[in-house]
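Shown next: model.txt, containing compact mmCIF, C-alpha atoms.
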```txt
# COMPACT_ATOMS: atom_id res chain seq x y z
CA MET A 836 104.91 71.66 87.41
CA PRO A 837 103.57 73.79 90.28
CA SER A 838 106.13 75.54 92.46
CA LEU A 839 107.16 73.83 95.70
CA THR A 840 106.72 77.12 97.54
CA GLU A 841 103.32 78.41 98.62
CA PRO A 842 101.90 81.69 97.28
CA LYS A 843 101.29 84.08 100.17
CA LEU A 844 99.54 87.44 100.02
CA ILE A 845 100.30 90.48 102.13
CA SER A 846 98.79 93.94 101.87
CA GLY A 847 99.48 97.50 102.90
CA ASN A 848 96.75 100.02 103.66
CA ALA A 849 96.31 101.44 100.15
CA ASN A 850 93.49 99.13 98.97
CA LEU A 851 92.74 96.53 101.61
CA PRO A 852 89.29 95.61 100.17
CA LEU A 853 90.92 94.61 96.84
CA ALA A 854 93.58 92.55 98.65
CA GLN A 855 90.90 90.78 100.69
CA SER A 856 88.87 90.09 97.55
CA ILE A 857 91.94 88.59 95.84
CA ALA A 858 92.56 86.41 98.91
CA ARG A 859 88.95 85.16 98.90
CA ARG A 860 89.11 84.29 95.21
CA MET A 861 92.44 82.54 95.61
CA SER A 862 90.93 80.44 98.43
CA LEU A 863 88.10 79.51 96.06
CA TYR A 864 90.40 78.68 93.13
CA ARG A 865 92.91 76.65 95.19
CA GLY A 866 90.46 75.01 97.56
CA VAL A 867 92.52 76.02 100.60
CA ASP A 868 92.22 78.90 103.05
CA GLN A 869 94.24 81.73 101.54
CA GLY A 870 93.99 84.66 103.90
CA LEU A 871 96.29 87.65 103.95
CA VAL A 872 99.51 87.16 105.89
CA ASN A 873 99.03 88.40 109.44
CA ALA A 874 101.02 91.63 109.73
CA ARG A 875 100.72 95.16 110.99
CA VAL A 876 101.53 98.27 109.00
CA GLU A 877 101.41 101.20 111.37
CA ARG A 878 102.83 104.66 111.91
CA PHE A 879 104.80 106.17 114.74
CA ASN A 880 103.65 109.52 116.12
CA ASP A 881 105.97 111.36 113.72
CA GLY A 882 104.55 109.56 110.68
CA GLU A 883 107.29 106.95 110.25
CA ILE A 884 105.96 103.66 108.88
CA PHE A 885 106.54 100.47 110.85
CA VAL A 886 105.91 96.94 109.55
CA GLU A 887 105.87 93.69 111.49
CA VAL A 888 105.08 90.30 109.91
CA PHE A 889 103.66 87.78 112.41
CA GLU A 890 103.87 84.66 110.22
CA ASN A 891 106.81 82.64 108.95
CA VAL A 892 107.51 83.55 105.30
CA ARG A 893 110.89 81.84 104.92
CA GLY A 894 111.13 80.24 101.48
CA GLU A 895 107.65 81.41 100.43
CA ASP A 896 106.51 83.10 97.20
CA MET A 897 105.31 86.48 98.48
CA PHE A 898 102.91 88.86 96.72
CA ILE A 899 102.54 92.39 98.11
CA ILE A 900 99.23 93.96 97.05
CA GLN A 901 99.65 97.73 97.21
CA PRO A 902 98.68 100.40 94.67
CA THR A 903 100.67 103.62 94.99
CA SER A 904 97.64 105.87 94.86
CA ASN A 905 96.80 108.89 97.02
CA PRO A 906 98.61 109.47 99.35
CA ALA A 907 101.20 108.28 96.85
CA ASN A 908 104.30 108.83 98.97
CA ASP A 909 102.90 107.06 102.05
CA ASN A 910 101.67 104.09 100.01
CA LEU A 911 104.95 103.83 98.13
CA MET A 912 106.93 103.82 101.38
CA GLU A 913 104.61 101.15 102.81
CA LEU A 914 105.35 98.99 99.76
CA LEU A 915 109.11 99.48 100.07
CA ILE A 916 109.18 98.78 103.81
CA ILE A 917 107.00 95.66 103.48
CA ALA A 918 109.36 94.40 100.76
CA ASP A 919 112.37 95.05 102.99
CA ALA A 920 110.73 93.20 105.89
CA LEU A 921 110.02 90.19 103.67
CA ARG A 922 113.52 90.15 102.19
CA ARG A 923 115.06 90.19 105.67
CA SER A 924 112.68 87.35 106.61
CA SER A 925 114.15 85.13 103.84
CA ALA A 926 111.15 85.07 101.48
CA ALA A 927 111.99 83.03 98.35
CA ARG A 928 110.62 85.63 95.92
CA ILE A 929 108.88 88.99 96.32
CA THR A 930 106.39 90.19 93.71
CA ALA A 931 104.84 93.64 93.98
CA VAL A 932 101.23 93.66 92.80
CA ILE A 933 100.69 97.36 92.02
CA PRO A 934 97.19 97.75 90.50
CA TYR A 935 97.82 101.49 90.04
CA PHE A 936 101.43 102.55 89.47
CA GLY A 937 101.84 106.05 90.84
CA TYR A 938 104.34 108.50 89.31
CA ALA A 939 103.78 106.82 85.93
CA ARG A 940 102.84 110.16 84.37
CA GLN A 941 106.38 111.39 85.01
CA ASP A 942 107.94 109.00 82.50
CA ARG A 943 110.01 111.49 80.47
CA ARG A 944 111.53 114.96 80.61
CA THR A 945 109.09 117.39 79.02
CA LYS A 946 111.07 120.47 80.06
CA ALA A 947 114.60 121.29 81.18
CA ARG A 948 115.58 120.51 84.78
CA THR A 949 112.70 118.11 85.48
CA PRO A 950 112.94 114.56 86.86
CA ILE A 951 111.97 111.22 85.41
CA SER A 952 110.24 110.12 88.59
CA ALA A 953 108.89 106.85 87.19
CA LYS A 954 112.48 105.66 86.67
CA LEU A 955 113.42 106.72 90.21
CA VAL A 956 110.49 104.72 91.62
CA ALA A 957 111.53 101.70 89.53
CA ASN A 958 115.03 101.90 91.01
CA MET A 959 113.62 102.14 94.54
CA LEU A 960 111.37 99.10 94.06
CA THR A 961 114.22 97.00 92.71
CA GLY A 962 116.56 98.17 95.47
CA ALA A 963 114.04 97.12 98.13
CA GLY A 964 114.34 93.50 96.98
CA ILE A 965 111.27 93.23 94.74
CA GLU A 966 111.94 90.69 91.99
CA ARG A 967 108.82 91.03 89.83
CA ILE A 968 106.13 93.64 89.15
CA LEU A 969 102.48 92.93 88.36
CA THR A 970 100.50 96.02 87.43
CA MET A 971 97.63 97.20 85.23
CA ASP A 972 97.50 99.73 82.39
CA LEU A 973 100.74 101.59 82.89
CA HIS A 974 100.36 105.18 81.73
CA ALA A 975 103.19 104.58 79.27
CA ALA A 976 104.20 101.08 78.17
CA GLN A 977 107.88 102.06 77.99
CA ILE A 978 107.96 102.24 81.81
CA GLN A 979 108.44 98.46 81.69
CA GLY A 980 111.91 99.22 80.29
CA PHE A 981 112.78 101.21 83.43
CA PHE A 982 112.99 97.90 85.30
CA ASP A 983 115.69 95.23 85.08
CA ILE A 984 113.24 92.71 86.54
CA PRO A 985 110.19 91.09 84.88
CA VAL A 986 107.11 93.34 84.57
CA ASP A 987 103.67 91.93 83.79
CA ASN A 988 101.36 94.72 82.62
CA LEU A 989 97.71 93.62 82.61
CA TYR A 990 95.11 95.49 80.56
CA ALA A 991 91.65 96.68 81.52
CA SER A 992 90.42 96.66 77.91
CA PRO A 993 89.49 92.93 77.88
CA ILE A 994 87.36 93.50 81.01
CA PHE A 995 85.83 96.63 79.49
CA ALA A 996 85.02 94.67 76.32
CA LEU A 997 83.04 92.17 78.40
CA ASP A 998 81.23 95.05 80.11
CA VAL A 999 80.43 96.78 76.82
CA ARG A 1000 79.06 93.61 75.23
CA THR A 1001 76.84 93.12 78.29
CA HIS A 1002 75.49 96.67 78.70
CA PHE A 1003 75.25 97.58 75.00
CA LYS A 1004 74.42 94.17 73.55
CA ASP A 1005 71.41 95.47 71.59
CA ARG A 1006 73.23 98.59 70.34
CA MET A 1007 76.65 97.30 69.34
CA GLY A 1008 76.28 98.68 65.80
CA ASP A 1009 75.86 102.21 67.15
CA LEU A 1010 79.06 102.31 69.20
CA MET A 1011 82.06 104.54 68.51
CA VAL A 1012 85.23 104.27 70.61
CA VAL A 1013 86.87 107.64 71.28
CA SER A 1014 90.41 108.40 72.38
CA PRO A 1015 90.49 111.65 74.40
CA ASP A 1016 93.92 112.52 72.97
CA VAL A 1017 96.35 111.42 70.29
CA GLY A 1018 98.60 109.67 72.83
CA GLY A 1019 95.84 107.31 73.89
CA VAL A 1020 94.96 106.05 70.41
CA ALA A 1021 96.63 102.64 70.89
CA ARG A 1022 94.62 102.01 74.07
CA ALA A 1023 91.34 103.05 72.43
CA ARG A 1024 92.12 101.04 69.30
CA GLU A 1025 92.58 97.92 71.42
CA LEU A 1026 89.05 98.19 72.81
CA ALA A 1027 87.64 99.13 69.39
CA LYS A 1028 89.13 95.93 67.90
CA ARG A 1029 87.68 93.81 70.68
CA ILE A 1030 84.12 95.10 70.20
CA ASN A 1031 84.43 95.64 66.42
CA ALA A 1032 83.65 99.36 66.60
CA PRO A 1033 85.05 102.37 64.68
CA LEU A 1034 87.52 104.76 66.28
CA SER A 1035 87.48 108.53 66.70
CA ILE A 1036 89.90 110.96 68.36
CA VAL A 1037 89.44 114.15 70.35
CA ASP A 1038 92.51 116.27 69.61
CA LYS A 1039 93.23 118.68 72.44
CA ARG A 1040 95.62 121.58 72.73
CA ARG A 1041 96.94 122.59 76.15
CA GLU A 1042 98.17 126.06 77.07
CA LYS A 1043 99.57 124.71 80.36
CA PRO A 1044 99.36 121.42 82.34
CA GLY A 1045 95.86 120.58 83.53
CA GLU A 1046 94.21 123.20 81.33
CA VAL A 1047 92.78 122.48 77.87
CA ALA A 1048 92.38 125.45 75.51
CA GLU A 1049 90.75 123.80 72.49
CA MET A 1050 89.31 120.44 71.42
CA THR A 1051 88.63 119.10 67.92
CA VAL A 1052 86.85 115.85 67.06
CA ILE A 1053 88.54 113.79 64.36
CA GLY A 1054 85.93 111.45 62.85
CA ASP A 1055 82.16 111.54 62.37
CA VAL A 1056 80.35 110.83 65.65
CA THR A 1057 76.89 111.85 64.43
CA ASP A 1058 74.17 109.76 66.12
CA LYS A 1059 76.81 107.46 67.68
CA ILE A 1060 77.02 106.15 71.23
CA CYS A 1061 80.53 107.29 72.11
CA LEU A 1062 82.74 105.38 74.53
CA ILE A 1063 85.67 107.49 75.74
CA VAL A 1064 88.60 105.25 76.73
CA ASP A 1065 91.54 106.40 78.86
CA ASP A 1066 93.84 105.10 81.58
CA ILE A 1067 93.51 107.82 84.25
CA CYS A 1068 90.72 110.14 85.36
CA ASP A 1069 92.19 112.68 87.78
CA THR A 1070 90.16 115.88 88.16
CA ALA A 1071 87.79 114.86 85.29
CA GLY A 1072 87.88 118.34 83.76
CA THR A 1073 89.22 117.20 80.39
CA LEU A 1074 86.96 114.13 80.36
CA CYS A 1075 83.78 116.12 80.99
CA LYS A 1076 84.78 118.72 78.41
CA ALA A 1077 85.44 116.00 75.83
CA ALA A 1078 82.00 114.51 76.50
CA GLN A 1079 80.38 117.90 75.87
CA VAL A 1080 82.38 118.41 72.66
CA LEU A 1081 81.24 115.00 71.37
CA LEU A 1082 77.59 115.86 72.04
CA ASP A 1083 78.09 119.22 70.32
CA ASN A 1084 79.36 117.29 67.29
CA GLY A 1085 76.21 115.17 67.06
CA ALA A 1086 76.85 112.19 69.35
CA ARG A 1087 73.71 110.55 70.74
CA GLU A 1088 75.20 109.50 74.11
CA VAL A 1089 78.60 109.59 75.80
CA HIS A 1090 79.96 106.96 78.19
CA SER A 1091 83.51 106.62 79.53
CA TYR A 1092 85.72 103.67 80.43
CA ILE A 1093 88.71 104.62 82.58
CA SER A 1094 91.23 102.15 84.02
CA HIS A 1095 92.20 104.11 87.13
CA GLY A 1096 89.75 106.38 88.93
CA VAL A 1097 92.11 108.78 90.71
CA MET A 1098 89.17 111.19 91.07
CA SER A 1099 90.92 114.10 92.78
CA GLY A 1100 89.29 117.29 94.06
CA PRO A 1101 86.02 118.11 92.28
CA ALA A 1102 86.12 115.06 89.98
CA VAL A 1103 83.08 113.22 91.38
CA GLU A 1104 80.94 116.37 91.37
CA ARG A 1105 82.01 117.19 87.82
CA VAL A 1106 81.15 113.71 86.55
CA SER A 1107 77.82 113.69 88.40
CA ASN A 1108 76.85 117.02 86.81
CA SER A 1109 78.25 116.23 83.36
CA VAL A 1110 76.51 115.12 80.19
CA MET A 1111 78.07 111.64 80.48
CA LYS A 1112 75.54 108.87 80.89
CA SER A 1113 78.05 106.72 82.75
CA LEU A 1114 81.66 106.53 83.87
CA VAL A 1115 83.06 103.03 84.39
CA ILE A 1116 86.26 102.67 86.44
CA THR A 1117 88.08 99.73 88.00
CA ASP A 1118 88.80 99.25 91.70
CA SER A 1119 92.58 99.42 91.14
CA ILE A 1120 92.30 102.45 93.45
CA GLN A 1121 89.94 102.02 96.39
CA PRO A 1122 86.71 103.88 95.51
CA THR A 1123 85.67 106.55 97.98
CA PRO A 1124 82.13 106.67 99.43
CA GLU A 1125 81.45 109.66 97.15
CA ILE A 1126 82.37 107.58 94.08
CA LEU A 1127 80.18 104.70 95.19
CA ALA A 1128 77.26 107.07 95.81
CA ALA A 1129 77.52 108.86 92.45
CA PRO A 1130 74.55 107.90 90.23
CA ASN A 1131 76.50 107.72 86.96
CA ILE A 1132 79.76 106.10 88.17
CA ARG A 1133 80.12 102.32 88.12
CA VAL A 1134 83.04 100.24 89.44
CA VAL A 1135 84.13 96.94 87.89
CA PRO A 1136 86.30 94.55 89.93
CA THR A 1137 89.89 93.67 89.08
CA ALA A 1138 90.23 90.90 91.70
CA PRO A 1139 89.39 88.09 89.22
CA ILE A 1140 92.14 89.00 86.74
CA PHE A 1141 94.73 89.80 89.43
CA THR A 1142 94.00 86.54 91.25
CA GLN A 1143 94.47 84.48 88.11
CA ALA A 1144 97.61 86.42 87.17
CA ILE A 1145 99.11 85.77 90.62
CA LEU A 1146 98.34 82.06 90.30
CA ASN A 1147 99.87 81.98 86.81
CA ILE A 1148 103.04 83.67 88.06
CA TRP A 1149 103.25 81.22 90.97
CA ASN A 1150 102.69 78.24 88.65
CA GLY A 1151 105.01 79.52 85.96
CA THR A 1152 102.26 79.68 83.33
CA SER A 1153 101.32 82.40 80.86
CA VAL A 1154 100.05 85.75 82.12
CA SER A 1155 99.42 87.07 78.60
CA SER A 1156 96.79 84.35 78.14
CA LEU A 1157 94.52 86.57 80.28
CA PHE A 1158 94.40 89.08 77.42
CA GLU A 1159 92.31 86.59 75.42
CA ASP A 1160 88.54 86.62 75.68
CA LYS A 1161 88.20 82.84 75.91
CA THR A 1162 90.50 82.80 78.95
CA LEU A 1163 89.20 85.92 80.69
CA ARG A 1164 85.50 85.30 80.21
CA PRO A 1165 85.28 82.24 82.54
CA ILE A 1166 86.79 84.10 85.49
CA TYR A 1167 84.28 86.95 85.02
CA GLU A 1168 81.25 84.78 84.24
CA SER A 1169 79.63 85.50 87.62
CA LEU A 1170 79.61 89.20 86.69
CA TYR A 1171 78.87 89.04 82.97
CA HIS A 1172 76.39 86.42 81.78
CA MET A 1173 76.64 86.20 78.00
CA ASP A 1174 75.67 83.64 75.40
```
Let me see the structure of the file written as structure tokens.
Amino acid sequence: MPSLTEPKLISGNANLPLAQSIARRMSLYRGVDQGLVNARVERFNDGEIFVEVFENVRGEDMFIIQPTSNPANDNLMELLIIADALRRSSAARITAVIPYFGYARQDRRTKARTPISAKLVANMLTGAGIERILTMDLHAAQIQGFFDIPVDNLYASPIFALDVRTHFKDRMGDLMVVSPDVGGVARARELAKRINAPLSIVDKRREKPGEVAEMTVIGDVTDKICLIVDDICDTAGTLCKAAQVLLDNGAREVHSYISHGVMSGPAVERVSNSVMKSLVITDSIQPTPEILAAPNIRVVPTAPIFTQAILNIWNGTSVSSLFEDKTLRPIYESLYHMD
């Protein structure tokens, strides 16, 4: 049975276009006007964040749409303060929809006297009154265990599989899925299974963080169309180097599918000047004008899957059903027309 409460959406400033797109789709799916809750998220002159909600949210099922992308600290504080405002306004339940979960790369202690920042952020979110997390492609799946509240982790691979079958439909037999490191094999294998393609690995050795000393290709990529699959593209240095290594090992073309386009510093310029034919990212982080203008970068929307996941959470139905092609394909049919 549907919940007696209404689902209501509220957004910070991190990715307002995505929040508005989710609201439009929810209006379409439910047949009622589903705008974002009227609120202001502003800053005092000293940078302090102030939130004021102008609508009654007492007893409502609230969904805060806010990735914690750059500037990560500001966006995280916005999320926490919005949650506190809703809790003090007697919302029935508060779900944080975090398309990109910042600090996820700090999920373990790699050296002495370093923090586990992902756990700290999990504690902060729970302490602010958030009762459920909805996110996409966590950097490490074990981060779900940092929370004592339900976490629904969506995956970009089913969306990427639809995109691959659309854009490479006449060349499916030539595809090779590539993991850019050993740690990402499970993610790459998931896409490889969905499109029935073989798997290869680029093994990299780092001398220090952010700097790759050597790369070795494990598997035969000769005359293959390689699809590099990863969760985060930050400065794109490693990604562009991996693409060049694959071509040097006989690959015909190299394309990349990345869940979160962080795209810091020279990333867009590097990708634009690289040997990659295309880089496909999601809009979990709001694309910059430079990203949208780049000739070989393409953005696929996440609003359809997040909208359906929010409705499933509200209705108490399965979120994991969205991992199945037969369930996901109908909500993306306007974007991918396939037989």
*What is the CA of Val1106 in chain A to CA of Thr1123 in chain A distance in Å?*
14.2 Å
*range 1065-1079 of chain A environment, 10 Å, all atoms listed in the file, sequence neighbours closer than 6 positions dropped, as a count of residues only*: 57
_Separation of CA of Pro993 in chain A from CA of Thr970 in chain A, in Å and rounded to one decimal_ =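 If I compute the distance from CA of Pro993 in chain A to CA of Thr970 in chain A, I get 14.9 Å.
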*Calculate how many Å separate CA of Leu1081 in chain A from CA of Phe995 in chain A, rounding to one decimal.*
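Distance reported for this atom pair: 20.6 Å.
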Shell of 10 Å around Pro902 in chain A, only C-alpha atoms, local chain residues under 6 positions omitted, as a short mmCIF file (atom, residue, chain, number, x, y, z; two decimals) with C-alpha atoms, keeping the file's coordinate frame:
```cif
data_model
loop_
_atom_site.label_atom_id
_atom_site.label_comp_id
_atom_site.auth_asym_id
_atom_site.auth_seq_id
_atom_site.Cartn_x
_atom_site.Cartn_y
_atom_site.Cartn_z
CA SER A 846 98.79 93.94 101.87
CA GLY A 847 99.48 97.50 102.90
CA ASN A 848 96.75 100.02 103.66
CA ALA A 849 96.31 101.44 100.15
CA ASN A 850 93.49 99.13 98.97
CA LEU A 851 92.74 96.53 101.61
CA LEU A 853 90.92 94.61 96.84
CA ASN A 910 101.67 104.09 100.01
CA LEU A 911 104.95 103.83 98.13
CA LEU A 914 105.35 98.99 99.76
CA ALA A 931 104.84 93.64 93.98
CA VAL A 932 101.23 93.66 92.80
CA ILE A 933 100.69 97.36 92.02
CA PRO A 934 97.19 97.75 90.50
CA TYR A 935 97.82 101.49 90.04
CA PHE A 936 101.43 102.55 89.47
CA GLY A 937 101.84 106.05 90.84
CA THR A 970 100.50 96.02 87.43
CA SER A 1119 92.58 99.42 91.14
CA ILE A 1120 92.30 102.45 93.45
CA GLN A 1121 89.94 102.02 96.39
#
```
_Which of A:Asn905, A:Val1017, A:Ile1126, A:Glu1025 sits closest to Ile1053 in chain A [using all atoms listed in the file]_ = A:Val1017
*Top pick for closest residue to Ala1138 in chain A, considering A:Ala976, A:Ile1060, A:Leu1170, A:Phe1158 and counting only C-alpha atoms*: A:Leu1170
